[in-house]
Amino acid sequence: MPAPELEFDDIQHILLTRAPALTGRYEFLSFHDGAAARVWLSAITDKVQSVAQARSTVAEDRRWVTVAFTWNGLAALGLDRASLASFPEEFRQGMVARADILGDTGANDPGNWVGRLASPDLHAIVILFARDDAEHDRCVAEHQKLIAACSGVEVLSWLDLKAVPPFDYAHDHFGYRDRLSQPVIEGSGEEPTPGSGPPLKAGEFILGYPDEDGPPANLPNPDRLSRNGSYMAYRRLEEHVGRFRDFLRAQGGPAEQELTAAKLMGRWRSGAPLTLAPDKDDPQLGADMQRNNNFTYRDMDPHGYAVPLGSHMRRMNPRDTAHNMNRRRMIRRGATYGPHLPEDAPDDGQERGIAAFIICASLVRQFEFAQNVWINDRTFHELGNERDPVCGNHDGTLEFKIPRRPLRKTIRGLPAFTTLKGGAYFFLPGLKALRYLASLGETAHN
């Protein structure tokens, strides 16, 4: 059976496109008046690009806008009780209430989050990606005017985004090349790179389409609200760059430092996978999207001598060593924030990190499973006393094991290289659904 055609003119661009932006901003909103919120939404919807629009105008566009809502935000807009009750439990509860399931404890506890992201008054997010600083400033000023004209809509907080130099390829503050492995959606028009697996059914990421298990089921009501929508798990992770560099220096000379950094991730910082370049970095391989994902674990590295079993990459995408992988994949979008820390500079105490969105059709089956099992399960691959070395919840008592012959290397007391500074669950509606939400209450006034 042929794949159903995706409705590109109704799907928000962030689901299927990546904007060529060097800067941006996330603004987190609260609605104190439903009518004012709907006026704001009606106005901002005109700025939101669909996939079709973003693809056709990417060369000339200078900004890209996305809008999404928490469950409390949908209620504040005036969505009826029956529709609100039709959303899945994890979304209704929100990320704060799921902290224990997600491993958001200790330093990562919602009580320590910033920007009022743990508040039940968080209702919406506006995501701006901009091509340059001038466009960023123009868009921020325009949105401030809109907010001022909609009494009852409050900006709780914002986060400005900035790419990390050099700008010739995307990478995080630790120096790791980013955006290397993403699933491809059937019917999207994209082709998976070698080793990335076949295209996945659209329903794994976009509501209203068949998924890998069959026809769409248990969708929020009404259909015009859920169709072409998705869910986003937002995570703001501070990256402790000074701590990370100090840790690497303690491992030995420059060569041993780079190898240790590669073992933690599963790739050299250039993006070259250890499976294909186990002993020496290969920057050309890292930059080659036709080669840098073309590997498996079961036959090429079953015991983790190249890529340790507990490395970040092997946890977040176990490939052929995990069951039911097609139902666990996720789309990641986002950007870095905070000032770049030059390689030879001491830690300056400023916050910097990555603020990402995990996009999926099921927060439980995809995001929460990954967070609970792949990232924070100490016994993943029967390792014992390990968590994801990059983004797991660490308190200084855990280990990281690097298989070596004749004896493996065990790093004890692994520090936390990242700290969760905030998060939330958002519903990402389609364009028609945004207009539907903006129209709520009209019948009552007619």
# chains A, B, ... in the order shown; residues from 1 in each chain; ligands from 1
>>> select_by_dssp(residues="region 126-288 of chain A", states="helix (DSSP H, G or I)", output="PyMOL selection string")
chain A and resi 133-149+202-204+223-226+241-249+254-265+283-287
>>> residues_around(residues="Arg235 (chain A)", least_positions_apart="2", cutoff="8 Å", atoms="only C-alpha atoms", output="PyMOL selection string")
chain A and resi 233+237+355-357+420-424
>>> residues_around(residues="Gly78 (chain A)", least_positions_apart="3", cutoff="7 Å", atoms="only C-alpha atoms", output="ChimeraX atom specification")
/A:34,74-75,440
>>> closest_residue(among="A:Gln284, A:Thr336, A:Ser86, A:Asn293", to="Gly266 (chain A)", atoms="only C-alpha atoms")
A:Asn293
>>> atom_distance(atom1="CA of Ile354 (chain A)", atom2="CA of Arg243 (chain A)")
16.0 Å
>>> select_by_dssp(residues="region 215-264 of chain A", states="strand (DSSP E)", output="CSV table (one decimal) with N, CA and C atoms, in the first residue's frame")
chain,number,residue,atom,x,y,z
A,230,SER,N,1.8,17.2,16.6
A,230,SER,CA,2.8,16.3,17.2
A,230,SER,C,3.0,16.8,18.6
A,231,TYR,N,3.9,16.1,19.3
A,231,TYR,CA,4.3,16.5,20.7
A,231,TYR,C,5.8,16.8,20.7
A,232,MET,N,6.1,17.8,21.5
A,232,MET,CA,7.5,18.2,21.7
A,232,MET,C,7.9,18.2,23.2
A,233,ALA,N,9.0,17.5,23.5
A,233,ALA,CA,9.6,17.5,24.8
A,233,ALA,C,10.7,18.5,24.8
A,234,TYR,N,10.6,19.6,25.5
A,234,TYR,CA,11.6,20.7,25.6
A,234,TYR,C,12.6,20.4,26.7
A,235,ARG,N,13.9,20.5,26.4
A,235,ARG,CA,14.9,20.3,27.4
A,235,ARG,C,16.0,21.3,27.3
A,236,ARG,N,16.2,22.1,28.3
A,236,ARG,CA,17.3,23.1,28.3
A,236,ARG,C,18.4,22.5,29.2
A,237,LEU,N,19.5,22.1,28.5
A,237,LEU,CA,20.6,21.5,29.2
A,237,LEU,C,21.8,22.4,29.3
A,238,GLU,N,22.2,22.8,30.5
A,238,GLU,CA,23.5,23.6,30.6
A,238,GLU,C,24.6,22.7,30.4
A,239,GLU,N,25.6,23.1,29.6
A,239,GLU,CA,26.8,22.3,29.4
A,239,GLU,C,28.0,22.9,30.2
>>> residues_around(residues="Ser151 (chain A)", least_positions_apart="2", cutoff="9 Å", atoms="only C-alpha atoms", output="JSON, numbers by chain")
{"A": [32, 33, 36, 37, 147, 148, 149, 153, 154]}
>>> write_last_selection(atoms="N, CA and C atoms", output="mmCIF file, in the first residue's frame")
data_model
loop_
_atom_site.group_PDB
_atom_site.id
_atom_site.type_symbol
_atom_site.label_atom_id
_atom_site.label_comp_id
_atom_site.auth_asym_id
_atom_site.auth_seq_id
_atom_site.Cartn_x
_atom_site.Cartn_y
_atom_site.Cartn_z
ATOM 1 N N HIS A 32 -3.461 35.037 30.690
ATOM 2 C CA HIS A 32 -4.331 35.402 31.805
ATOM 3 C C HIS A 32 -5.752 35.706 31.349
ATOM 4 N N ASP A 33 -5.943 35.809 30.050
ATOM 5 C CA ASP A 33 -7.260 36.085 29.484
ATOM 6 C C ASP A 33 -7.389 35.312 28.176
ATOM 7 N N ALA A 36 -7.855 37.429 24.913
ATOM 8 C CA ALA A 36 -6.617 38.085 24.498
ATOM 9 C C ALA A 36 -5.641 37.066 23.918
ATOM 10 N N ALA A 37 -5.601 35.881 24.506
ATOM 11 C CA ALA A 37 -4.718 34.834 24.005
ATOM 12 C C ALA A 37 -5.105 34.434 22.591
ATOM 13 N N ILE A 147 2.551 41.546 21.792
ATOM 14 C CA ILE A 147 2.241 41.218 23.184
ATOM 15 C C ILE A 147 1.649 42.439 23.893
ATOM 16 N N ALA A 148 2.203 43.607 23.642
ATOM 17 C CA ALA A 148 1.702 44.834 24.283
ATOM 18 C C ALA A 148 0.273 45.137 23.877
ATOM 19 N N ALA A 149 -0.096 44.721 22.665
ATOM 20 C CA ALA A 149 -1.454 44.979 22.182
ATOM 21 C C ALA A 149 -2.452 43.931 22.660
ATOM 22 N N VAL A 153 -1.733 38.614 27.925
ATOM 23 C CA VAL A 153 -0.695 37.682 27.477
ATOM 24 C C VAL A 153 0.635 38.160 28.046
ATOM 25 N N GLU A 154 1.295 37.312 28.811
ATOM 26 C CA GLU A 154 2.527 37.688 29.506
ATOM 27 C C GLU A 154 3.689 36.822 29.037
#
>>> atom_distance(atom1="CA of Ala68 (chain A)", atom2="CA of Glu212 (chain A)")
25.3 Å
>>> closest_residue(among="A:Ser157, A:Ser42, A:Asn393, A:Ser188", to="Thr17 (chain A)", atoms="only C-alpha atoms")
A:Ser188
>>> residues_around(residues="Ile14 (chain A)", least_positions_apart="6", cutoff="8 Å", atoms="only C-alpha atoms", output="PyMOL selection string")
chain A and resi 51+66+333
>>> closest_residue(among="A:Ala35, A:Val114, A:Ala134, A:Leu6", to="Glu351 (chain A)", atoms="only C-alpha atoms")
A:Val114
>>> closest_residue(among="A:Leu225, A:Ile375, A:Ala361, A:Leu22", to="His394 (chain A)", atoms="only C-alpha atoms")
A:Ile375
>>> closest_residue(among="A:Leu200, A:Leu309, A:Ala345, A:Val390", to="Leu414 (chain A)", atoms="only C-alpha atoms")
A:Val390
